[in-house]
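Visitor: The file below is query26.cif, mmCIF, C-alpha atoms:
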```cif
data_work
#
loop_
_atom_site.label_atom_id
_atom_site.label_comp_id
_atom_site.auth_asym_id
_atom_site.auth_seq_id
_atom_site.Cartn_x
_atom_site.Cartn_y
_atom_site.Cartn_z
CA MET H 1 0.00 0.00 0.00
CA PHE H 2 2.84 2.33 0.89
CA SER H 3 4.45 1.53 -2.46
CA ARG H 4 1.24 2.45 -4.29
CA TRP H 5 0.97 5.71 -2.38
CA SER H 6 4.63 6.52 -3.09
CA ASN H 7 4.27 5.87 -6.82
CA SER H 8 1.10 7.94 -6.97
CA HIS H 9 2.81 10.76 -5.11
CA HIS H 10 5.80 10.71 -7.47
CA ASN H 11 3.49 10.69 -10.48
CA LYS H 12 1.66 13.74 -9.20
CA GLU H 13 4.97 15.51 -8.61
CA ASN H 14 6.12 14.65 -12.13
CA ASP H 15 2.86 15.89 -13.63
CA SER H 16 3.18 19.11 -11.66
CA LEU H 17 6.77 19.62 -12.82
CA GLN H 18 5.81 18.97 -16.43
CA GLN H 19 2.97 21.46 -16.18
CA GLU H 20 5.28 24.08 -14.71
CA SER H 21 7.82 23.43 -17.47
CA LYS H 22 5.14 23.91 -20.12
CA ILE H 23 4.11 27.21 -18.54
CA VAL H 24 7.71 28.43 -18.40
CA LEU H 25 8.35 27.35 -21.99
CA THR H 26 5.15 29.01 -23.20
CA SER H 27 6.01 32.22 -21.38
CA TRP H 28 9.51 32.19 -22.83
CA LEU H 29 8.15 31.60 -26.32
CA ILE H 30 5.69 34.48 -26.02
CA VAL H 31 8.42 36.85 -24.83
CA ALA H 32 10.80 35.73 -27.59
CA VAL H 33 8.11 36.05 -30.25
CA MET H 34 7.13 39.54 -29.16
CA ARG H 35 10.77 40.63 -29.01
CA LYS H 36 11.44 39.45 -32.55
CA TYR H 37 8.17 40.81 -33.83
CA ASN H 38 9.08 44.19 -32.39
CA GLN H 39 12.46 43.96 -34.11
CA ILE H 40 10.68 43.40 -37.41
CA LYS H 41 8.53 46.46 -36.81
CA GLU H 42 11.61 48.49 -35.89
CA LEU H 43 13.38 47.41 -39.07
CA ARG H 44 10.35 48.41 -41.13
CA ALA H 45 10.32 51.81 -39.44
CA ALA H 46 14.07 52.22 -39.99
CA ILE H 47 13.74 51.53 -43.73
CA GLY H 48 11.15 54.27 -44.05
CA PRO H 49 8.23 54.62 -46.46
CA LEU H 50 8.18 52.21 -49.39
CA SER H 51 6.06 52.03 -52.51
CA GLY H 52 5.48 49.90 -55.57
CA ARG H 53 7.47 46.70 -55.86
CA SER H 54 9.67 47.52 -52.86
CA LEU H 55 6.58 47.62 -50.69
CA LYS H 56 5.38 44.34 -52.19
CA TYR H 57 8.78 42.76 -51.57
CA CYS H 58 9.20 43.85 -47.94
CA THR H 59 6.70 41.63 -46.17
CA ASP H 60 7.21 40.81 -42.51
CA ALA H 61 8.44 37.36 -43.54
CA CYS H 62 10.98 39.05 -45.81
CA LEU H 63 12.23 41.36 -43.05
CA ARG H 64 12.56 38.40 -40.72
CA ARG H 65 14.82 36.63 -43.23
CA TYR H 66 17.14 39.62 -43.40
CA LEU H 67 17.24 39.86 -39.63
CA GLU H 68 17.92 36.14 -39.37
CA ALA H 69 20.73 36.40 -41.92
CA ARG H 70 22.42 39.10 -39.81
CA ASN H 71 21.76 37.45 -36.45
CA TRP H 72 19.01 39.96 -35.67
CA ASN H 73 21.38 42.90 -35.79
CA ALA H 74 19.11 45.78 -36.84
CA ASP H 75 21.78 48.00 -38.39
CA LYS H 76 23.37 45.21 -40.44
CA SER H 77 19.96 43.93 -41.52
CA LYS H 78 18.90 47.42 -42.60
CA LYS H 79 22.05 47.87 -44.66
CA MET H 80 21.64 44.46 -46.25
CA LEU H 81 18.00 45.07 -47.15
CA GLU H 82 18.69 48.53 -48.55
CA GLU H 83 21.39 47.07 -50.80
CA THR H 84 18.96 44.42 -52.03
CA LEU H 85 16.27 47.01 -52.78
CA LYS H 86 18.82 49.03 -54.72
CA TRP H 87 19.94 45.92 -56.62
CA ARG H 88 16.37 44.89 -57.42
CA SER H 89 15.51 48.38 -58.67
CA THR H 90 18.34 48.24 -61.23
CA TYR H 91 18.63 44.52 -62.06
CA LYS H 92 14.83 44.03 -62.02
CA PRO H 93 14.88 40.25 -61.51
CA GLU H 94 11.07 40.05 -61.51
CA GLU H 95 11.02 41.36 -65.09
CA ILE H 96 13.27 38.68 -66.57
CA ARG H 97 11.28 36.49 -68.95
CA TRP H 98 11.96 32.95 -70.07
CA HIS H 99 12.41 33.83 -73.74
CA GLU H 100 15.31 36.09 -72.70
CA VAL H 101 17.24 33.25 -71.03
CA ALA H 102 15.79 30.15 -72.74
CA VAL H 103 18.98 29.49 -74.72
CA GLU H 104 20.81 29.04 -71.41
CA GLY H 105 18.39 26.29 -70.46
CA GLU H 106 18.54 24.20 -73.63
CA THR H 107 20.74 21.52 -72.05
CA GLY H 108 18.94 21.54 -68.70
CA LYS H 109 22.01 22.75 -66.82
CA VAL H 110 19.69 24.41 -64.29
CA TYR H 111 15.96 23.76 -63.98
CA ARG H 112 13.16 23.54 -61.43
CA ALA H 113 12.35 19.94 -60.61
CA SER H 114 8.83 18.56 -60.84
CA PHE H 115 9.08 17.17 -57.29
CA HIS H 116 9.60 18.68 -53.83
CA ASP H 117 11.73 17.57 -50.90
CA ARG H 118 10.16 15.97 -47.82
CA HIS H 119 9.39 19.40 -46.39
CA GLY H 120 7.58 20.70 -49.46
CA ARG H 121 10.42 22.89 -50.69
CA THR H 122 10.93 23.76 -54.33
CA VAL H 123 13.95 21.93 -55.77
CA LEU H 124 16.44 23.32 -58.26
CA ILE H 125 18.60 20.80 -60.13
CA LEU H 126 21.98 22.08 -61.29
CA ARG H 127 24.20 20.16 -63.74
CA PRO H 128 27.34 22.24 -64.31
CA GLY H 129 28.75 19.59 -66.63
CA LYS H 130 26.08 20.57 -69.18
CA GLN H 131 27.32 24.14 -69.57
CA ASN H 132 26.43 25.30 -73.09
CA THR H 133 27.24 29.03 -73.25
CA THR H 134 30.12 31.39 -72.55
CA SER H 135 28.43 34.63 -71.45
CA LEU H 136 28.84 34.82 -67.68
CA GLU H 137 26.33 37.67 -67.50
CA ASN H 138 23.64 35.64 -69.26
CA GLN H 139 24.42 32.57 -67.15
CA LEU H 140 23.89 34.59 -63.98
CA ARG H 141 20.70 36.11 -65.38
CA HIS H 142 19.41 32.62 -66.12
CA LEU H 143 20.15 31.52 -62.56
CA VAL H 144 18.44 34.60 -61.10
CA TYR H 145 15.38 33.88 -63.23
CA LEU H 146 15.16 30.33 -61.90
CA ILE H 147 15.68 31.42 -58.28
CA GLU H 148 12.82 33.89 -58.68
CA ASN H 149 10.76 31.13 -60.31
CA ALA H 150 11.51 28.72 -57.47
CA ILE H 151 10.32 31.33 -54.97
CA LEU H 152 7.21 31.98 -57.04
CA ASN H 153 6.33 28.28 -56.79
CA LEU H 154 6.92 27.84 -53.06
CA PRO H 155 3.90 26.62 -51.10
CA GLU H 156 2.33 29.08 -48.64
CA THR H 157 3.97 27.41 -45.64
CA GLN H 158 7.53 27.36 -47.00
CA GLU H 159 10.13 30.03 -47.72
CA GLN H 160 13.19 28.03 -48.71
CA MET H 161 14.39 25.91 -51.60
CA ALA H 162 16.70 22.93 -51.93
CA TRP H 163 19.46 22.46 -54.51
CA LEU H 164 20.67 19.20 -56.02
CA ILE H 165 23.95 19.54 -57.92
CA ASP H 166 25.02 16.73 -60.24
CA PHE H 167 28.71 16.76 -61.20
CA THR H 168 28.47 14.25 -64.04
CA GLY H 169 30.68 15.54 -66.87
CA TRP H 170 32.13 18.41 -64.82
CA THR H 171 35.73 19.40 -65.48
CA LEU H 172 37.81 22.45 -64.70
CA SER H 173 37.38 23.48 -68.32
CA THR H 174 33.59 23.62 -67.88
CA SER H 175 33.72 25.33 -64.50
CA VAL H 176 32.98 29.02 -64.14
CA PRO H 177 35.83 31.43 -63.36
CA ILE H 178 36.51 32.09 -59.67
CA LYS H 179 35.24 35.66 -59.98
CA SER H 180 31.96 34.46 -61.46
CA ALA H 181 31.58 31.87 -58.70
CA ARG H 182 32.20 34.58 -56.11
CA ASP H 183 29.63 36.89 -57.71
CA THR H 184 27.06 34.10 -57.78
CA ILE H 185 27.64 33.23 -54.12
CA ASN H 186 27.44 36.87 -53.09
CA LEU H 187 24.21 37.34 -55.02
CA LEU H 188 22.60 34.36 -53.31
CA GLN H 189 23.83 35.32 -49.84
CA ASN H 190 23.19 39.05 -50.03
CA HIS H 191 19.99 39.29 -52.06
CA TYR H 192 18.27 35.98 -51.29
CA PRO H 193 19.05 35.51 -47.58
CA GLU H 194 17.61 32.44 -45.89
CA ARG H 195 16.20 31.21 -49.19
CA LEU H 196 18.53 28.22 -49.44
CA ALA H 197 17.69 25.42 -47.02
CA ILE H 198 20.21 22.82 -48.20
CA ALA H 199 22.47 22.16 -51.18
CA PHE H 200 23.68 18.64 -51.95
CA LEU H 201 26.78 18.33 -54.14
CA TYR H 202 26.56 14.81 -55.51
CA ASN H 203 29.74 12.88 -56.26
CA PRO H 204 32.05 15.76 -57.22
CA PRO H 205 35.35 14.61 -58.77
CA ARG H 206 38.59 14.89 -56.86
CA ILE H 207 39.69 17.72 -59.11
CA PHE H 208 36.81 19.79 -57.71
CA GLU H 209 38.73 19.98 -54.43
CA ALA H 210 41.06 22.65 -55.81
CA PHE H 211 38.12 24.74 -56.98
CA TRP H 212 36.22 24.27 -53.71
CA LYS H 213 39.16 25.26 -51.52
CA ILE H 214 39.01 28.73 -53.05
CA VAL H 215 35.27 29.13 -53.48
CA LYS H 216 34.33 28.15 -49.93
CA TYR H 217 36.03 31.25 -48.53
CA PHE H 218 33.46 33.44 -50.28
CA MET H 219 30.66 31.85 -48.26
CA ASP H 220 29.43 33.13 -44.94
CA ALA H 221 29.21 30.60 -42.11
CA LYS H 222 25.46 30.03 -42.48
CA THR H 223 25.65 29.31 -46.20
CA PHE H 224 28.69 27.07 -45.75
CA GLN H 225 26.82 24.90 -43.25
CA LYS H 226 24.06 24.31 -45.80
CA VAL H 227 26.40 22.79 -48.38
CA LYS H 228 26.67 19.00 -48.07
CA PHE H 229 28.83 16.64 -50.10
CA VAL H 230 27.36 13.27 -51.01
CA TYR H 231 29.39 10.29 -52.23
CA PRO H 232 27.72 7.04 -53.36
CA LYS H 233 30.17 4.96 -51.30
CA ASN H 234 29.74 7.09 -48.19
CA THR H 235 26.64 5.59 -46.57
CA GLU H 236 26.23 8.35 -44.01
CA SER H 237 26.22 11.12 -46.63
CA VAL H 238 23.77 9.15 -48.80
CA GLU H 239 21.41 8.61 -45.86
CA LEU H 240 21.59 12.31 -45.07
CA MET H 241 20.43 13.22 -48.56
CA ARG H 242 17.67 10.61 -48.47
CA SER H 243 16.42 12.06 -45.19
CA TYR H 244 15.52 15.13 -47.27
CA PHE H 245 14.21 13.36 -50.38
CA ASP H 246 11.88 10.47 -51.08
CA GLU H 247 13.90 7.83 -52.93
CA GLU H 248 11.01 7.34 -55.36
CA ASN H 249 11.25 11.02 -56.40
CA LEU H 250 15.02 11.31 -56.36
CA PRO H 251 16.51 11.04 -59.88
CA THR H 252 18.75 8.08 -60.66
CA GLU H 253 21.71 10.39 -61.22
CA PHE H 254 21.44 11.23 -57.51
CA GLY H 255 21.11 7.61 -56.46
CA GLY H 256 17.30 7.56 -56.47
CA LYS H 257 14.76 5.53 -58.43
CA ALA H 258 13.10 8.20 -60.59
CA VAL H 259 14.07 8.29 -64.26
CA LEU H 260 13.80 11.92 -65.25
CA GLU H 261 14.71 13.42 -68.58
CA TYR H 262 14.83 17.15 -69.13
CA ASN H 263 12.49 18.24 -71.91
CA HIS H 264 13.29 21.78 -72.93
CA GLU H 265 10.08 22.29 -74.89
CA GLU H 266 7.84 21.19 -72.02
CA PHE H 267 9.86 23.14 -69.48
CA SER H 268 9.53 26.25 -71.67
CA LYS H 269 5.75 25.90 -71.59
CA GLN H 270 5.84 25.78 -67.79
CA MET H 271 8.07 28.83 -67.59
CA ASN H 272 5.83 30.82 -69.93
CA GLN H 273 2.86 30.05 -67.70
CA ASP H 274 4.87 31.15 -64.69
CA ASP H 275 5.85 34.36 -66.45
CA ILE H 276 2.16 35.28 -66.60
CA LYS H 277 1.77 34.43 -62.92
CA SER H 278 4.78 36.57 -62.08
CA ALA H 279 3.45 39.51 -64.09
CA ASN H 280 0.12 39.27 -62.26
CA LEU H 281 1.87 38.98 -58.94
CA TRP H 282 4.04 42.06 -59.39
CA GLY H 283 1.24 44.04 -60.98
CA PHE H 284 2.51 44.93 -64.41
CA ASP H 285 1.38 44.15 -67.94
CA ASP H 286 3.34 41.42 -69.61
CA LYS H 287 3.14 40.86 -73.36
CA LEU H 288 5.46 37.84 -73.27
CA GLN H 289 6.93 38.10 -76.73
CA CYS H 290 8.65 34.75 -76.45
CA ILE H 291 11.05 34.80 -79.36
CA GLY H 292 13.05 31.75 -80.25
CA ASN H 293 11.40 29.00 -78.19
CA GLY H 294 8.23 28.53 -80.22
CA HIS H 295 5.81 29.63 -77.51
CA SER H 296 4.14 33.01 -77.44
CA GLY H 297 2.24 34.46 -74.53
CA SER H 298 -1.04 33.97 -76.34
CA ASP H 299 -0.36 30.22 -76.50
CA VAL H 300 -0.30 29.91 -72.74
CA ALA H 301 -3.38 30.15 -70.55
CA PRO H 302 -2.79 31.99 -67.26
CA GLU H 303 -3.14 30.04 -64.04
CA PRO H 304 -4.38 31.26 -60.66
CA VAL H 305 -1.62 33.09 -58.82
CA CYS H 306 -0.42 31.47 -55.61
CA LEU H 307 1.40 34.03 -53.55
CA ALA H 308 4.47 32.74 -51.79
CA PRO H 309 5.32 34.29 -48.41
CA SER H 310 8.07 36.29 -50.08
CA ALA H 311 5.74 38.39 -52.19
CA ARG H 312 2.36 39.03 -50.67
CA ALA H 313 0.32 41.67 -52.36
CA THR H 314 0.10 43.98 -49.35
CA PRO H 315 2.17 44.64 -46.22
CA ALA H 316 1.65 41.84 -43.73
CA SER H 317 -1.07 42.25 -41.17
CA ASP H 318 -0.19 42.01 -37.49
CA ALA H 319 -1.57 38.48 -37.40
CA TRP H 320 0.56 37.37 -40.33
CA GLY H 321 3.54 39.20 -38.92
CA LEU H 322 3.27 37.31 -35.66
CA PHE H 323 2.87 34.04 -37.57
CA SER H 324 5.97 34.79 -39.61
CA VAL H 325 7.93 35.05 -36.36
CA ILE H 326 6.27 32.19 -34.50
CA SER H 327 6.60 29.59 -37.27
CA PRO H 328 10.40 29.43 -37.37
CA MET H 329 10.57 29.15 -33.58
CA MET H 330 8.12 26.30 -33.11
CA TYR H 331 10.48 23.39 -33.57
CA GLY H 332 13.71 24.24 -31.78
CA THR H 333 16.63 23.12 -33.89
CA CYS H 334 14.25 22.74 -36.84
CA HIS H 335 13.37 26.44 -36.72
CA ARG H 336 13.63 26.80 -40.48
CA LEU H 337 10.96 24.20 -41.14
CA TYR H 338 7.26 24.90 -41.15
CA PRO H 339 4.37 22.77 -39.83
CA PRO H 340 3.39 20.06 -40.11
CA ILE H 341 6.53 17.93 -39.78
CA SER H 342 7.06 14.50 -38.29
CA SER H 343 9.55 13.48 -35.63
CA LYS H 344 11.54 11.72 -38.35
CA GLU H 345 11.73 14.95 -40.33
CA LYS H 346 12.85 16.86 -37.24
CA HIS H 347 15.70 14.40 -36.89
CA ALA H 348 16.54 14.83 -40.57
CA CYS H 349 16.76 18.57 -40.03
CA GLU H 350 19.17 18.18 -37.13
CA MET H 351 21.45 15.80 -38.96
CA PRO H 352 23.07 18.38 -41.29
CA THR H 353 24.72 20.06 -38.30
CA ARG H 354 26.87 16.98 -37.82
CA LYS H 355 30.26 16.89 -39.47
CA LEU H 356 30.34 14.20 -42.11
CA PRO H 357 33.49 12.26 -42.91
CA ASN H 358 34.63 13.50 -46.28
CA PRO H 359 37.00 11.16 -48.08
CA ASN H 360 37.92 13.60 -50.82
CA LEU H 361 37.73 17.08 -49.33
CA THR H 362 39.56 18.62 -46.43
#
```
What is this structure when it is put down as structure tokens?
Guide:
Amino acid sequence: MFSRWSNSHHNKENDSLQQESKIVLTSWLIVAVMRKYNQIKELRAAIGPLSGRSLKYCTDACLRRYLEARNWNADKSKKMLEETLKWRSTYKPEEIRWHEVAVEGETGKVYRASFHDRHGRTVLILRPGKQNTTSLENQLRHLVYLIENAILNLPETQEQMAWLIDFTGWTLSTSVPIKSARDTINLLQNHYPERLAIAFLYNPPRIFEAFWKIVKYFMDAKTFQKVKFVYPKNTESVELMRSYFDEENLPTEFGGKAVLEYNHEEFSKQMNQDDIKSANLWGFDDKLQCIGNGHSGSDVAPEPVCLAPSARATPASDAWGLFSVISPMMYGTCHRLYPPISSKEKHACEMPTRKLPNPNLT
């Protein structure tokens, strides 16, 4: 009888402690959320009045990404965002149309995949060994177009994309110059902060080591941690990649079971449809004179526009602003994922922080 009473007493104590812990955790979360939400509001005030596309771009979710990229330092975040707004006003990435960069995509060296990762992220497939042009400016413009397109096609609950990079056929002669690689990295880091969730470099040749040793110094610490090398004979690295991708969707060139073949004509049709969606999203007329790929704007029926969190039509309401802060904090170490996720997926998110044995790279 005494044993029963003792167990019951301990159970009640444990329940009480758990309840107190939940209250403390909830209180902490509320305080942290309000603090970060206030930082977003302060950043918006510091930027000053915005209009047109800049206003459309600077949602609360957008401001949070810039703050996150600069460790919530208001001054650094403000400077970073102002530089992006200046870049976007001159480069005008939202105005790039597929017919302008279609020649770059003829070999499928970069394209948006038809599948998503386990967390619903848009996937870009990059195949540097299929380089088919020499203009570095046009190559970068093509990449910017596809980054914007990937963002356009993100589901409402996701803000990041995943990259799969296949090194089949890659040689130093087909690699981009160091300066171009640096410019590309800087563009991604500085003007698309917190847009890359993970990048898997699949089976790079040993000769890539020399190139990587230089390029990696252009990356900030956060971007560097998102780059993972995968080798078919390294079971741990393969399992890491498969924790992010369903094997049935993963292309065979990445060790999966899906047989995918890039069809430039079909992909062009998709991009022309997305060009109409983009024009509607940003609020400007788009005639889509698609020269050279056989598809004019009149051939493509517009689809309903699905606004990704990056480009909502109006400034975020207070409710959405709070949600944009709460969502990344809900899952601890998985703060960059959005609900719902399983316990297995949480574990998959934590795994990339581990240092993988790398047989080829130092």
Visitor: Using only the atoms of stretch 41-55 of chain H listed in the file, plus 6 Å on each side, state the axis-aligned box centre and edge lengths in Å rounded to one decimal, as lines of an AutoDock Vina configuration file.
Guide:
```
center_x = 9.8
center_y = 50.5
center_z = -45.9
size_x = 20.6
size_y = 20.2
size_z = 32.0
```
Visitor: Give me, as a list in words, all polymer residues having an atom no more than 9 Å from H:Leu124, counting all atoms listed in the file and skipping those fewer than 5 positions away in the same chain.
Guide: Val110, Tyr111, Arg112, Ala113, Leu146, Ile147, Ala150, Met161, Ala162, Trp163, Leu164 and Ile165 of chain H
Visitor: Nearest to H:Pro128 among H:Ala279, H:Ala221, H:Leu240, H:Leu201, with distances taken over only C-alpha atoms: which residue is it?
Guide: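 Smallest separation from H:Pro128 among the options: H:Leu201.
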Visitor: Can you tell me, as JSON, numbers by chain, what residues are no more than 7 Å from H:Gln160 when counting all atoms listed in the file, ignoring any on the same chain fewer than 6 positions away?
Guide: {"H": [121, 194, 195, 196, 197]}
Visitor: Could you take the residues named above and write them with C-alpha atoms, as a PDB file, in the frame of the given file?
Guide:
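Contents of part-v9.pdb, freshly written:
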```
ATOM      1  CA  ARG H 121      10.420  22.890 -50.690  1.00  0.00           C
ATOM      2  CA  GLU H 194      17.610  32.440 -45.890  1.00  0.00           C
ATOM      3  CA  ARG H 195      16.200  31.210 -49.190  1.00  0.00           C
ATOM      4  CA  LEU H 196      18.530  28.220 -49.440  1.00  0.00           C
ATOM      5  CA  ALA H 197      17.690  25.420 -47.020  1.00  0.00           C
TER       6      ALA H 197
END
```
Visitor: Once the PyMOL selection byres ((chain H and resi 129) around 8) has been evaluated on this model, what residues remain selected, and can you format them as an MDAnalysis selection string?
Guide: chainID H and resid 109 127:128 130:131 166:171 174:175
Visitor: What residues come out when you apply the PyMOL selection byres ((chain H and resi 250-266) around 9) to this file, written as an NGL selection string?
Guide: :H and (102 or 105-108 or 111 or 115 or 117 or 164-166 or 168 or 202-203 or 232 or 238 or 242 or 245-249 or 267-271 or 293-295)
Visitor: Enter the distance from atom CA of H:Val227 to atom CA of H:Ser278, in Å, rounded to one decimal.
Guide: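 Going from atom CA of H:Val227 over to atom CA of H:Ser278 covers 29.1 Å.
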Visitor: Fewer than 5 positions away in the same chain doesn't count, so skip those; otherwise give me all residues within 12 Å of H:Leu85, counting only C-alpha atoms, as number ranges by chain.
Guide: H: 47, 50-58, 62-63, 66, 78-80, 90-93, 190-192
Visitor: Please, what distance in Å, to one decimal, runs between atom CA of H:Glu148 and atom CA of H:Pro193?
Guide: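 Going from atom CA of H:Glu148 over to atom CA of H:Pro193, I get 12.8 Å.
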Visitor: How would you write, as a PyMOL selection string, the residues chosen by the PyMOL selection byres ((chain H and resi 139) around 10) on this structure?
Guide: chain H and resi 101+103-105+110+131-138+140-145+176+180+184
Visitor: Save the residues we just selected, C-alpha atoms, as a PDB file, in the frame of the given file?
Guide:
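Written file, selection.pdb:
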```pdb
ATOM      1  CA  VAL H 101      17.240  33.250 -71.030  1.00  0.00           C
ATOM      2  CA  VAL H 103      18.980  29.490 -74.720  1.00  0.00           C
ATOM      3  CA  GLU H 104      20.810  29.040 -71.410  1.00  0.00           C
ATOM      4  CA  GLY H 105      18.390  26.290 -70.460  1.00  0.00           C
ATOM      5  CA  VAL H 110      19.690  24.410 -64.290  1.00  0.00           C
ATOM      6  CA  GLN H 131      27.320  24.140 -69.570  1.00  0.00           C
ATOM      7  CA  ASN H 132      26.430  25.300 -73.090  1.00  0.00           C
ATOM      8  CA  THR H 133      27.240  29.030 -73.250  1.00  0.00           C
ATOM      9  CA  THR H 134      30.120  31.390 -72.550  1.00  0.00           C
ATOM     10  CA  SER H 135      28.430  34.630 -71.450  1.00  0.00           C
ATOM     11  CA  LEU H 136      28.840  34.820 -67.680  1.00  0.00           C
ATOM     12  CA  GLU H 137      26.330  37.670 -67.500  1.00  0.00           C
ATOM     13  CA  ASN H 138      23.640  35.640 -69.260  1.00  0.00           C
ATOM     14  CA  LEU H 140      23.890  34.590 -63.980  1.00  0.00           C
ATOM     15  CA  ARG H 141      20.700  36.110 -65.380  1.00  0.00           C
ATOM     16  CA  HIS H 142      19.410  32.620 -66.120  1.00  0.00           C
ATOM     17  CA  LEU H 143      20.150  31.520 -62.560  1.00  0.00           C
ATOM     18  CA  VAL H 144      18.440  34.600 -61.100  1.00  0.00           C
ATOM     19  CA  TYR H 145      15.380  33.880 -63.230  1.00  0.00           C
ATOM     20  CA  VAL H 176      32.980  29.020 -64.140  1.00  0.00           C
ATOM     21  CA  SER H 180      31.960  34.460 -61.460  1.00  0.00           C
ATOM     22  CA  THR H 184      27.060  34.100 -57.780  1.00  0.00           C
TER      23      THR H 184
END
```
Visitor: Tell me, in Å to one decimal, how far atom CA of H:Lys222 is from atom CA of H:Trp72.
Guide: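 Computing the Euclidean distance for atom CA of H:Lys222 and atom CA of H:Trp72 yields 13.7 Å.
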